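Here is the file coords_17.tsv (TSV, C-alpha atoms).
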chain	number	residue	atom	x	y	z
A	251	MET	CA	147.26	-151.80	-165.83
A	252	LEU	CA	148.55	-151.24	-162.30
A	253	GLU	CA	151.75	-149.83	-163.71
A	254	ILE	CA	149.77	-147.30	-165.78
A	255	LEU	CA	147.68	-146.30	-162.79
A	256	GLY	CA	150.81	-145.98	-160.67
A	257	SER	CA	152.21	-143.47	-163.14
A	258	LEU	CA	148.91	-141.74	-163.91
A	259	PHE	CA	147.91	-141.03	-160.30
A	260	PRO	CA	150.90	-138.82	-159.33
A	261	ALA	CA	150.65	-136.98	-162.65
A	262	ALA	CA	146.91	-136.45	-162.14
A	263	VAL	CA	147.57	-134.96	-158.70
A	264	LEU	CA	150.07	-132.49	-160.15
A	265	ALA	CA	147.81	-131.60	-163.09
A	266	GLY	CA	144.76	-131.25	-160.85
A	267	THR	CA	146.34	-128.93	-158.27
A	268	PRO	CA	145.84	-125.65	-160.23
A	269	LEU	CA	142.26	-126.74	-160.93
A	270	LEU	CA	141.71	-127.34	-157.23
A	271	LEU	CA	143.13	-123.95	-156.28
A	272	GLY	CA	140.98	-122.17	-158.85
A	273	ALA	CA	137.90	-124.10	-157.72
A	274	LEU	CA	138.55	-123.35	-154.03
A	275	GLY	CA	138.80	-119.64	-154.76
A	276	GLU	CA	135.55	-119.70	-156.70
A	277	ILE	CA	133.77	-121.80	-154.04
A	278	LEU	CA	134.65	-119.21	-151.41
A	279	THR	CA	133.42	-116.44	-153.72
A	280	GLU	CA	130.14	-118.13	-154.65
A	281	ARG	CA	129.40	-119.07	-151.04
A	282	ALA	CA	129.16	-115.33	-150.43
A	283	GLY	CA	126.67	-114.95	-153.28
A	284	ASN	CA	129.05	-113.61	-155.95
A	285	LEU	CA	129.35	-115.44	-159.26
A	286	ASN	CA	132.79	-114.44	-160.51
A	287	LEU	CA	133.43	-115.82	-163.99
A	288	GLY	CA	136.80	-114.10	-164.06
A	289	VAL	CA	138.73	-117.09	-162.64
A	290	GLU	CA	140.69	-117.47	-165.88
A	291	GLY	CA	141.70	-113.81	-165.78
A	292	MET	CA	142.76	-113.90	-162.13
A	293	MET	CA	144.82	-117.04	-162.79
A	294	PHE	CA	146.58	-115.25	-165.65
A	295	MET	CA	147.30	-112.29	-163.40
A	296	GLY	CA	148.68	-114.59	-160.73
A	297	ALA	CA	150.75	-116.53	-163.27
A	298	ILE	CA	152.71	-113.56	-164.60
A	299	SER	CA	152.93	-111.78	-161.24
A	300	GLY	CA	154.35	-114.81	-159.45
A	301	LEU	CA	156.89	-115.47	-162.19
A	302	ALA	CA	157.84	-111.78	-162.43
A	303	GLY	CA	158.20	-111.49	-158.65
A	304	SER	CA	160.69	-114.35	-158.52
A	305	TYR	CA	162.52	-113.18	-161.64
A	306	PHE	CA	163.04	-109.61	-160.47
A	307	TYR	CA	164.07	-110.81	-157.01
A	308	GLU	CA	166.75	-113.01	-158.59
A	309	GLN	CA	167.98	-110.19	-160.83
A	310	ALA	CA	168.19	-107.79	-157.89
A	311	VAL	CA	170.21	-110.25	-155.80
A	312	LEU	CA	172.53	-111.18	-158.68
A	313	SER	CA	173.18	-107.53	-159.57
A	314	SER	CA	174.31	-106.91	-155.99
A	315	GLY	CA	176.68	-109.87	-156.14
A	316	GLY	CA	174.64	-112.20	-153.94
A	317	THR	CA	173.12	-115.63	-154.40
A	318	PRO	CA	169.33	-115.95	-154.69
A	319	SER	CA	167.50	-118.11	-152.16
A	320	GLY	CA	165.00	-120.58	-153.56
A	321	VAL	CA	162.83	-120.35	-150.46
A	322	ILE	CA	162.66	-116.55	-150.54
A	323	SER	CA	161.98	-116.62	-154.28
A	324	ALA	CA	159.11	-119.09	-153.79
A	325	VAL	CA	157.60	-116.99	-150.99
A	326	ILE	CA	157.79	-113.87	-153.16
A	327	ALA	CA	156.07	-115.73	-156.00
A	328	LEU	CA	153.34	-116.87	-153.60
A	329	ILE	CA	152.73	-113.38	-152.22
A	330	THR	CA	152.83	-111.53	-155.54
A	331	SER	CA	150.54	-114.01	-157.27
A	332	MET	CA	148.04	-113.86	-154.43
A	333	LEU	CA	148.11	-110.05	-154.42
A	334	ALA	CA	147.55	-109.97	-158.19
A	335	GLY	CA	144.56	-112.30	-157.91
A	336	MET	CA	143.19	-110.21	-155.04
A	337	LEU	CA	143.56	-107.06	-157.15
A	338	GLY	CA	141.49	-108.60	-159.93
A	339	ALA	CA	138.86	-109.74	-157.43
A	340	LEU	CA	138.84	-106.32	-155.77
A	341	ILE	CA	138.03	-104.69	-159.11
A	342	TYR	CA	135.20	-107.21	-159.57
A	343	SER	CA	133.96	-106.61	-156.01
A	344	PHE	CA	133.89	-102.84	-156.37
A	345	LEU	CA	131.93	-103.04	-159.61
A	346	THR	CA	129.41	-105.66	-158.47
A	347	ILE	CA	129.03	-105.00	-154.74
A	348	SER	CA	129.45	-101.24	-154.54
A	349	LEU	CA	128.30	-100.19	-158.01
A	350	ARG	CA	125.97	-103.19	-158.47
A	351	ALA	CA	127.11	-103.99	-161.99
A	352	ASN	CA	125.97	-107.22	-163.62
A	353	GLN	CA	128.04	-110.06	-162.17
A	354	ASN	CA	128.16	-112.19	-165.33
A	355	VAL	CA	129.31	-109.33	-167.57
A	356	THR	CA	131.84	-108.11	-164.99
A	357	GLY	CA	133.31	-111.59	-164.57
A	358	LEU	CA	133.68	-112.10	-168.31
A	359	THR	CA	135.29	-108.66	-168.59
A	360	LEU	CA	137.73	-109.60	-165.83
A	361	THR	CA	138.68	-112.72	-167.78
A	362	ILE	CA	139.43	-110.66	-170.88
A	363	PHE	CA	141.36	-108.08	-168.83
A	364	GLY	CA	143.35	-110.66	-166.86
A	365	THR	CA	144.25	-112.69	-169.95
A	366	GLY	CA	145.50	-109.57	-171.71
A	367	PHE	CA	147.31	-108.45	-168.55
A	368	GLY	CA	149.18	-111.74	-168.23
A	369	ASN	CA	150.11	-112.16	-171.88
A	370	PHE	CA	151.08	-108.49	-172.35
A	371	PHE	CA	153.41	-108.28	-169.35
A	372	GLY	CA	154.73	-111.78	-170.01
A	373	GLU	CA	155.82	-110.78	-173.51
A	374	TYR	CA	157.01	-107.34	-172.37
A	375	ILE	CA	159.21	-108.68	-169.58
A	376	GLY	CA	160.43	-111.44	-171.88
A	377	GLN	CA	161.61	-108.92	-174.49
A	378	LYS	CA	163.39	-106.89	-171.81
A	379	ALA	CA	165.04	-110.10	-170.60
A	380	GLY	CA	166.39	-110.87	-174.06
A	381	GLY	CA	163.69	-113.04	-175.62
A	382	TYR	CA	161.86	-114.80	-172.83
A	383	VAL	CA	161.53	-114.61	-169.07
A	384	ALA	CA	162.56	-117.57	-166.95
A	385	VAL	CA	163.62	-118.12	-163.35
A	386	SER	CA	166.89	-119.79	-162.37
A	387	SER	CA	167.42	-123.41	-161.43
A	388	VAL	CA	167.48	-122.38	-157.75
A	389	THR	CA	163.85	-121.23	-157.90
A	390	LYS	CA	162.84	-124.17	-160.08
A	391	ALA	CA	164.24	-126.50	-157.43
A	392	ALA	CA	162.07	-124.79	-154.80
A	393	PHE	CA	158.99	-125.82	-156.81
A	394	SER	CA	160.11	-129.39	-157.41
A	395	GLY	CA	159.29	-132.39	-155.24
A	396	LEU	CA	159.23	-131.66	-151.50
A	397	ARG	CA	161.13	-134.48	-149.86
A	398	ILE	CA	160.19	-135.29	-146.27
A	399	PRO	CA	162.86	-137.23	-144.36
A	400	VAL	CA	161.97	-140.90	-143.79
A	401	LEU	CA	158.44	-140.56	-145.24
A	402	SER	CA	159.65	-139.82	-148.77
A	403	ASP	CA	161.81	-142.96	-148.69
A	404	LEU	CA	158.93	-145.32	-147.94
A	405	PRO	CA	158.32	-147.85	-150.74
A	406	VAL	CA	155.33	-147.04	-153.00
A	407	LEU	CA	153.60	-144.84	-150.40
A	408	GLY	CA	156.54	-142.45	-150.20
A	409	SER	CA	156.58	-141.79	-153.94
A	410	LEU	CA	152.79	-141.44	-154.08
A	411	LEU	CA	152.19	-139.14	-151.13
A	412	PHE	CA	155.42	-137.46	-150.06
A	413	SER	CA	157.22	-136.40	-153.22
A	414	TYR	CA	154.97	-133.62	-154.52
A	415	ASN	CA	155.82	-129.93	-154.54
A	416	TRP	CA	154.69	-127.80	-151.61
A	417	LEU	CA	151.84	-126.21	-153.57
A	418	VAL	CA	150.09	-129.58	-153.71
A	419	TYR	CA	150.13	-129.80	-149.92
A	420	LEU	CA	149.01	-126.18	-149.66
A	421	ALA	CA	146.00	-126.86	-151.91
A	422	VAL	CA	144.98	-129.92	-149.89
A	423	LEU	CA	145.40	-127.99	-146.63
A	424	LEU	CA	143.24	-125.16	-147.96
A	425	ALA	CA	140.51	-127.62	-149.00
A	426	VAL	CA	140.46	-129.21	-145.53
A	427	LEU	CA	140.48	-125.86	-143.72
A	428	MET	CA	137.72	-124.47	-145.94
A	429	SER	CA	135.57	-127.55	-145.31
A	430	TRP	CA	135.90	-127.00	-141.57
A	431	PHE	CA	135.40	-123.25	-142.00
A	432	PHE	CA	132.06	-123.61	-143.77
A	433	ALA	CA	130.75	-126.36	-141.50
A	434	ARG	CA	132.03	-125.47	-138.04
A	435	SER	CA	133.12	-121.84	-137.68
A	436	ARG	CA	130.78	-118.99	-136.85
A	437	VAL	CA	132.25	-116.77	-139.55
A	438	GLY	CA	131.83	-119.55	-142.10
A	439	LEU	CA	128.18	-120.06	-141.16
A	440	ASN	CA	127.60	-116.31	-141.39
A	441	LEU	CA	129.19	-116.34	-144.84
A	442	ARG	CA	126.87	-119.14	-145.96
A	443	ALA	CA	123.92	-117.15	-144.64
A	444	VAL	CA	125.02	-114.16	-146.72
A	445	GLY	CA	125.17	-116.34	-149.81
A	446	GLU	CA	121.77	-117.91	-149.21
A	447	ASP	CA	119.74	-114.88	-148.10
A	448	PRO	CA	121.64	-111.59	-147.66
A	449	ALA	CA	118.50	-109.71	-146.59
A	450	THR	CA	117.93	-112.05	-143.65
A	451	ALA	CA	121.63	-112.00	-142.75
A	452	ASP	CA	121.56	-108.20	-142.84
A	453	ALA	CA	118.49	-108.14	-140.61
A	454	VAL	CA	120.27	-110.09	-137.86
A	455	GLY	CA	123.28	-107.76	-137.88
A	456	ILE	CA	125.70	-109.48	-140.28
A	457	ASN	CA	127.72	-107.01	-142.34
A	458	VAL	CA	126.80	-108.31	-145.80
A	459	THR	CA	129.08	-105.95	-147.72
A	460	LEU	CA	132.11	-106.84	-145.59
A	461	TYR	CA	131.54	-110.57	-145.96
A	462	LYS	CA	131.06	-110.32	-149.72
A	463	TYR	CA	134.19	-108.20	-150.18
A	464	ALA	CA	136.34	-110.39	-147.94
A	465	ALA	CA	135.25	-113.72	-149.45
A	466	THR	CA	135.54	-112.49	-153.04
A	467	VAL	CA	138.95	-110.85	-152.62
A	468	ILE	CA	140.47	-113.78	-150.69
A	469	GLY	CA	138.95	-116.19	-153.21
A	470	GLY	CA	140.59	-114.22	-155.99
A	471	GLY	CA	143.92	-114.49	-154.19
A	472	ILE	CA	143.61	-118.29	-154.11
A	473	CYS	CA	142.84	-118.28	-157.84
A	474	GLY	CA	145.99	-116.20	-158.36
A	475	ILE	CA	148.05	-118.86	-156.59
A	476	GLY	CA	146.55	-121.43	-158.96
A	477	GLY	CA	147.78	-119.34	-161.87
A	478	MET	CA	151.24	-119.10	-160.34
A	479	TYR	CA	151.29	-122.90	-160.24
A	480	MET	CA	150.83	-122.93	-164.02
A	481	SER	CA	153.80	-120.64	-164.68
A	482	MET	CA	156.15	-121.97	-162.00
A	483	VAL	CA	155.38	-125.71	-162.09
A	484	THR	CA	153.48	-126.64	-165.25
A	485	THR	CA	155.76	-124.61	-167.56
A	486	SER	CA	158.82	-125.03	-165.28
A	487	GLY	CA	159.35	-121.36	-164.46
A	488	VAL	CA	159.28	-120.14	-168.06
A	489	TRP	CA	156.61	-117.77	-169.34
A	490	VAL	CA	154.55	-119.41	-172.07
A	491	HIS	CA	151.99	-117.29	-173.91
A	492	GLY	CA	148.48	-118.38	-172.88
A	493	CYS	CA	149.82	-120.81	-170.26
A	494	VAL	CA	146.59	-120.99	-168.25
A	495	SER	CA	144.84	-122.24	-171.40
A	496	GLY	CA	141.28	-122.70	-170.16
A	497	TYR	CA	142.03	-124.05	-166.70
A	498	GLY	CA	140.06	-121.19	-165.17
A	499	TRP	CA	136.91	-122.27	-167.00
A	500	LEU	CA	137.45	-125.88	-165.95
A	501	ALA	CA	137.77	-124.67	-162.35
A	502	VAL	CA	134.37	-122.96	-162.60
A	503	ALA	CA	132.85	-126.24	-163.82
A	504	LEU	CA	134.58	-128.09	-160.98
A	505	VAL	CA	132.74	-125.90	-158.47
A	506	ILE	CA	129.43	-127.20	-159.80
A	507	PHE	CA	130.67	-130.81	-159.99
A	508	ALA	CA	131.91	-130.56	-156.40
A	509	THR	CA	128.53	-129.07	-155.33
A	510	TRP	CA	130.26	-126.12	-153.66
A	511	ARG	CA	132.07	-128.39	-151.19
A	512	PRO	CA	135.86	-127.93	-150.89
A	513	PHE	CA	136.62	-131.47	-149.71
A	514	ARG	CA	134.75	-133.01	-152.62
A	515	GLY	CA	136.63	-130.61	-154.87
A	516	MET	CA	139.85	-132.55	-154.21
A	517	ILE	CA	138.37	-135.72	-155.73
A	518	VAL	CA	136.91	-133.85	-158.70
A	519	ALA	CA	140.20	-132.04	-159.36
A	520	LEU	CA	142.03	-135.38	-159.34
A	521	ILE	CA	139.62	-136.78	-161.94
A	522	PHE	CA	139.86	-133.75	-164.21
A	523	GLY	CA	143.62	-133.60	-163.73
A	524	GLY	CA	143.85	-137.18	-164.92
A	525	LEU	CA	141.76	-136.39	-168.00
A	526	THR	CA	144.04	-133.51	-168.97
A	527	ILE	CA	147.17	-135.69	-169.10
A	528	MET	CA	145.63	-139.06	-170.02
A	529	ARG	CA	147.06	-139.02	-173.55
A	530	MET	CA	150.57	-139.29	-172.10
A	531	TYR	CA	149.78	-142.55	-170.30
A	532	VAL	CA	146.91	-144.25	-172.15
A	533	SER	CA	147.33	-144.80	-175.88
A	534	ILE	CA	144.48	-146.06	-178.08
A	535	PRO	CA	145.60	-146.89	-181.63
A	536	GLY	CA	143.96	-144.70	-184.24
A	537	LEU	CA	142.54	-142.19	-181.75
A	538	PRO	CA	143.60	-138.63	-182.68
A	539	ALA	CA	145.42	-136.57	-180.06
A	540	GLN	CA	142.72	-133.91	-180.36
A	541	ILE	CA	140.19	-136.31	-178.84
A	542	TYR	CA	142.34	-136.56	-175.70
A	543	ASP	CA	142.48	-132.77	-175.53
A	544	MET	CA	138.70	-132.66	-175.68
A	545	LEU	CA	138.16	-135.06	-172.77
A	546	PRO	CA	138.18	-132.50	-169.90
A	547	TYR	CA	135.82	-130.20	-171.75
A	548	ALA	CA	133.52	-133.01	-172.85
A	549	ALA	CA	133.43	-134.17	-169.23
A	550	THR	CA	132.57	-130.61	-168.21
A	551	ILE	CA	129.54	-130.56	-170.53
A	552	LEU	CA	128.45	-133.97	-169.26
A	553	VAL	CA	128.77	-132.85	-165.65
A	554	LEU	CA	126.68	-129.74	-166.26
A	555	VAL	CA	123.94	-131.77	-167.95
A	556	VAL	CA	123.83	-134.42	-165.21
A	557	THR	CA	123.96	-131.81	-162.44
A	558	SER	CA	121.04	-129.86	-163.91
A	559	MET	CA	118.99	-133.05	-164.24
A	560	ARG	CA	119.68	-134.19	-160.69
A	561	SER	CA	119.37	-130.89	-158.90
A	562	SER	CA	118.53	-131.01	-155.20
A	563	ARG	CA	118.33	-128.50	-152.41
A	564	GLU	CA	121.29	-130.07	-150.64
A	565	HIS	CA	123.58	-129.76	-153.66
A	566	ALA	CA	122.17	-126.54	-155.09
A	567	GLN	CA	124.03	-123.32	-155.77
A	568	PRO	CA	123.74	-120.67	-153.03
A	569	LYS	CA	120.39	-118.95	-153.61
A	570	SER	CA	121.67	-115.40	-154.02
A	571	CYS	CA	124.64	-116.37	-156.20
A	572	GLY	CA	124.77	-114.09	-159.22
A	573	LEU	CA	122.25	-111.63	-157.79
A	574	ASN	CA	123.25	-108.20	-156.50
A	575	TYR	CA	121.99	-107.24	-153.05
A	576	PHE	CA	119.98	-104.03	-152.79
A	577	ARG	CA	119.62	-103.18	-149.13
A	578	GLU	CA	116.91	-100.62	-149.89
A	579	GLU	CA	114.64	-103.44	-151.08
A	580	ARG	CA	114.99	-105.42	-147.87
Let's see the structure in the file written out as structure tokens.
Amino acid sequence: MLEILGSLFPAAVLAGTPLLLGALGEILTERAGNLNLGVEGMMFMGAISGLAGSYFYEQAVLSSGGTPSGVISAVIALITSMLAGMLGALIYSFLTISLRANQNVTGLTLTIFGTGFGNFFGEYIGQKAGGYVAVSSVTKAAFSGLRIPVLSDLPVLGSLLFSYNWLVYLAVLLAVLMSWFFARSRVGLNLRAVGEDPATADAVGINVTLYKYAATVIGGGICGIGGMYMSMVTTSGVWVHGCVSGYGWLAVALVIFATWRPFRGMIVALIFGGLTIMRMYVSIPGLPAQIYDMLPYAATILVLVVTSMRSSREHAQPKSCGLNYFREER
């Protein structure tokens, strides 16, 4: 049993990281009062943009007779994926904040757009590349385990905590910083006020529009990084059609399960990450593989039911989430 847990835990961390990134982006967005259901679409946009950024960088360097740098390639993937996610969120923000379009419909439309964007350009670039698009082993190595001298060589603890790729540490760092941001910083408290009651926040001089735009666009960028994780780590730097495969929707459910708290999101992402890869480590004779595939989604339904039954003010969704703010009605 301990041997299974020892193998399942590191795999659950790796599988839960894109869920955590998607959930963190959506938490930041919803804290500002915007319900963006386009997480799946922004993750798709980040997935293809990050992969394409690294691929075209490598091709440019090789064509000039140079040798690509894994570090530079990884940084380019990070920046391009974040910019792609921010672009998707900016479209959503303009429609819902400036034009006051329905947030639910706009988010669903963004998911459809982003999914088509990712799959179309993934197939298009793949055909131009001769069948499929993939980064070189140099870039793949940059997204493999990040070894820390001395710490990575520690028995048991070293393999559990200090052998993950750098995106895992980035996700954890973001969760910690966001927890502090919401609880301790003035800007974070202002953002929470905008999400709870934008009219009151506006009355005391807080720029509601600026806060909503900033939180939603930055949140979309974080979702884009989560998508890049899927294409660069989960599929090992090779574009796979539909690679995000519902992780964006799971991330939205994680936000509710984590009660809009980033630190709690780490624990929830670990649990859901374990459910997504459980079939590789826990085998029950006679149980179809499809049942294992259903586990994360069945858990999502269960979480939503339990959360709705045990609703409390402390763990409730921000009051204005999903509602457009009309300053004229203040």
- Query: For A:Ile541, which of A:Leu525, A:Val555, A:Val311, A:Ile375 is the closest residue, counting only C-alpha atoms?
  - Reply: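 Looking at the shortest contact to A:Ile541, the residue is A:Leu525.
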- Excluding A:Val355 and any residue of its chain fewer than 4 positions from it, enumerate the residues within 12 Å of it, using only C-alpha atoms, and give them as a PyMOL selection string. chain A and resi 285-288+342+345-346+350-351+359-362+572
- Task: Find the residue from A:Gly487, A:Gly303, A:Gly283, A:Gly471 that sits nearest to A:Leu573; use only C-alpha atoms when measuring.
- Result: A:Gly283
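Nearest-residue note for A:Gly477: choosing from A:Phe294, A:Phe259, A:Trp510, A:Trp430, the minimum distance belongs to A:Phe294, counting all atoms listed in the file.
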- From the set A:Gly380, A:Gly272, A:Gly266, A:Gly368, which residue has the shortest atom-to-atom contact distance to A:Ile475, counting only C-alpha atoms?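 Once distances to A:Ile475 are computed over only C-alpha atoms, the minimum belongs to A:Gly272.
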- Query: Around (133.3, -106.0, -158.8) in the file's frame, which residues reach within 9 Å when counting only C-alpha atoms? Return as a ChimeraX atom specification?
  - Reply: /A:286,338-353,356-357,463,466
- Task: Between A:Cys571, A:Leu269, A:Ala451, A:Val426, single out the one closest to A:Ile472, counting only C-alpha atoms.
- Result: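 Result for the nearest residue to A:Ile472: A:Leu269.
We find atom CA of A:Val418 and atom CA of A:Asn440 to be spaced 28.9 Å apart.
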- Item | atom CA of A:Ile468 to atom CA of A:Pro260, straight-line distance in Å |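 Result for atom CA of A:Pro260 versus atom CA of A:Ile468: 28.5 Å, one decimal.
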- Message: Measuring between all atoms listed in the file, which one of A:Leu504, A:Ala464, A:Val422, A:Leu312 shows the shortest distance to A:Thr550?
- Response: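 Of A:Leu504, A:Ala464, A:Val422, A:Leu312, the one nearest A:Thr550 is A:Leu504, counting all atoms listed in the file.
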- Selection: 9 Å around A:Gly515, all atoms listed in the file, excl. self and same-chain fewer than 5 positions, as a list of chain:residue names: A:Leu270, A:Ala273, A:Leu274, A:Ala425, A:Leu504, A:Val505, A:Phe507, A:Ala508, A:Thr509, A:Trp510, A:Leu520
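With atom CA of A:Trp489 on one side and atom CA of A:Ala262 on the other, the separation reads 22.2 Å.
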- For A:Gly492, list every protein, DNA or RNA residue within 8 Å, evaluated using all atoms listed in the file, and leave out those in the same chain fewer than 3 positions away; present the list as a list in words.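 Skipping anything fewer than 3 positions along the chain leaves Thr365, Asn369 and Ser495 of chain A.
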- Query: Could you name the residues that touch stretch 331-337 of chain A at 8 Å or less, counting all atoms listed in the file, but leaving out those on the same chain fewer than 6 positions away, as a PyMOL selection string?
  - Reply: chain A and resi 292-293+295-300+467-475+477-478
- Tell me which protein, DNA and RNA residues are within 8 Å of A:Ala539, counting only C-alpha atoms, leaving out same-chain ones fewer than 3 positions away, and put them as a ChimeraX atom specification. /A:529,542-543
Padding of 5 Å on every side, edges along x, y and z, all listed atoms of stretch 325-329 of chain A included: what centre and edge lengths in Å, to one decimal, does that box have, as AutoDock Vina command-line options?
--center_x 155.3 --center_y -115.2 --center_z -153.5 --size_x 15.1 --size_y 13.6 --size_z 15.0
- Do you know which residues lie at most 10 Å from (137.1, -123.4, -169.3), with coordinates as in the file and only C-alpha atoms counted, and could you write them as a PyMOL selection string? chain A and resi 287+289-290+494-504+546-547+550
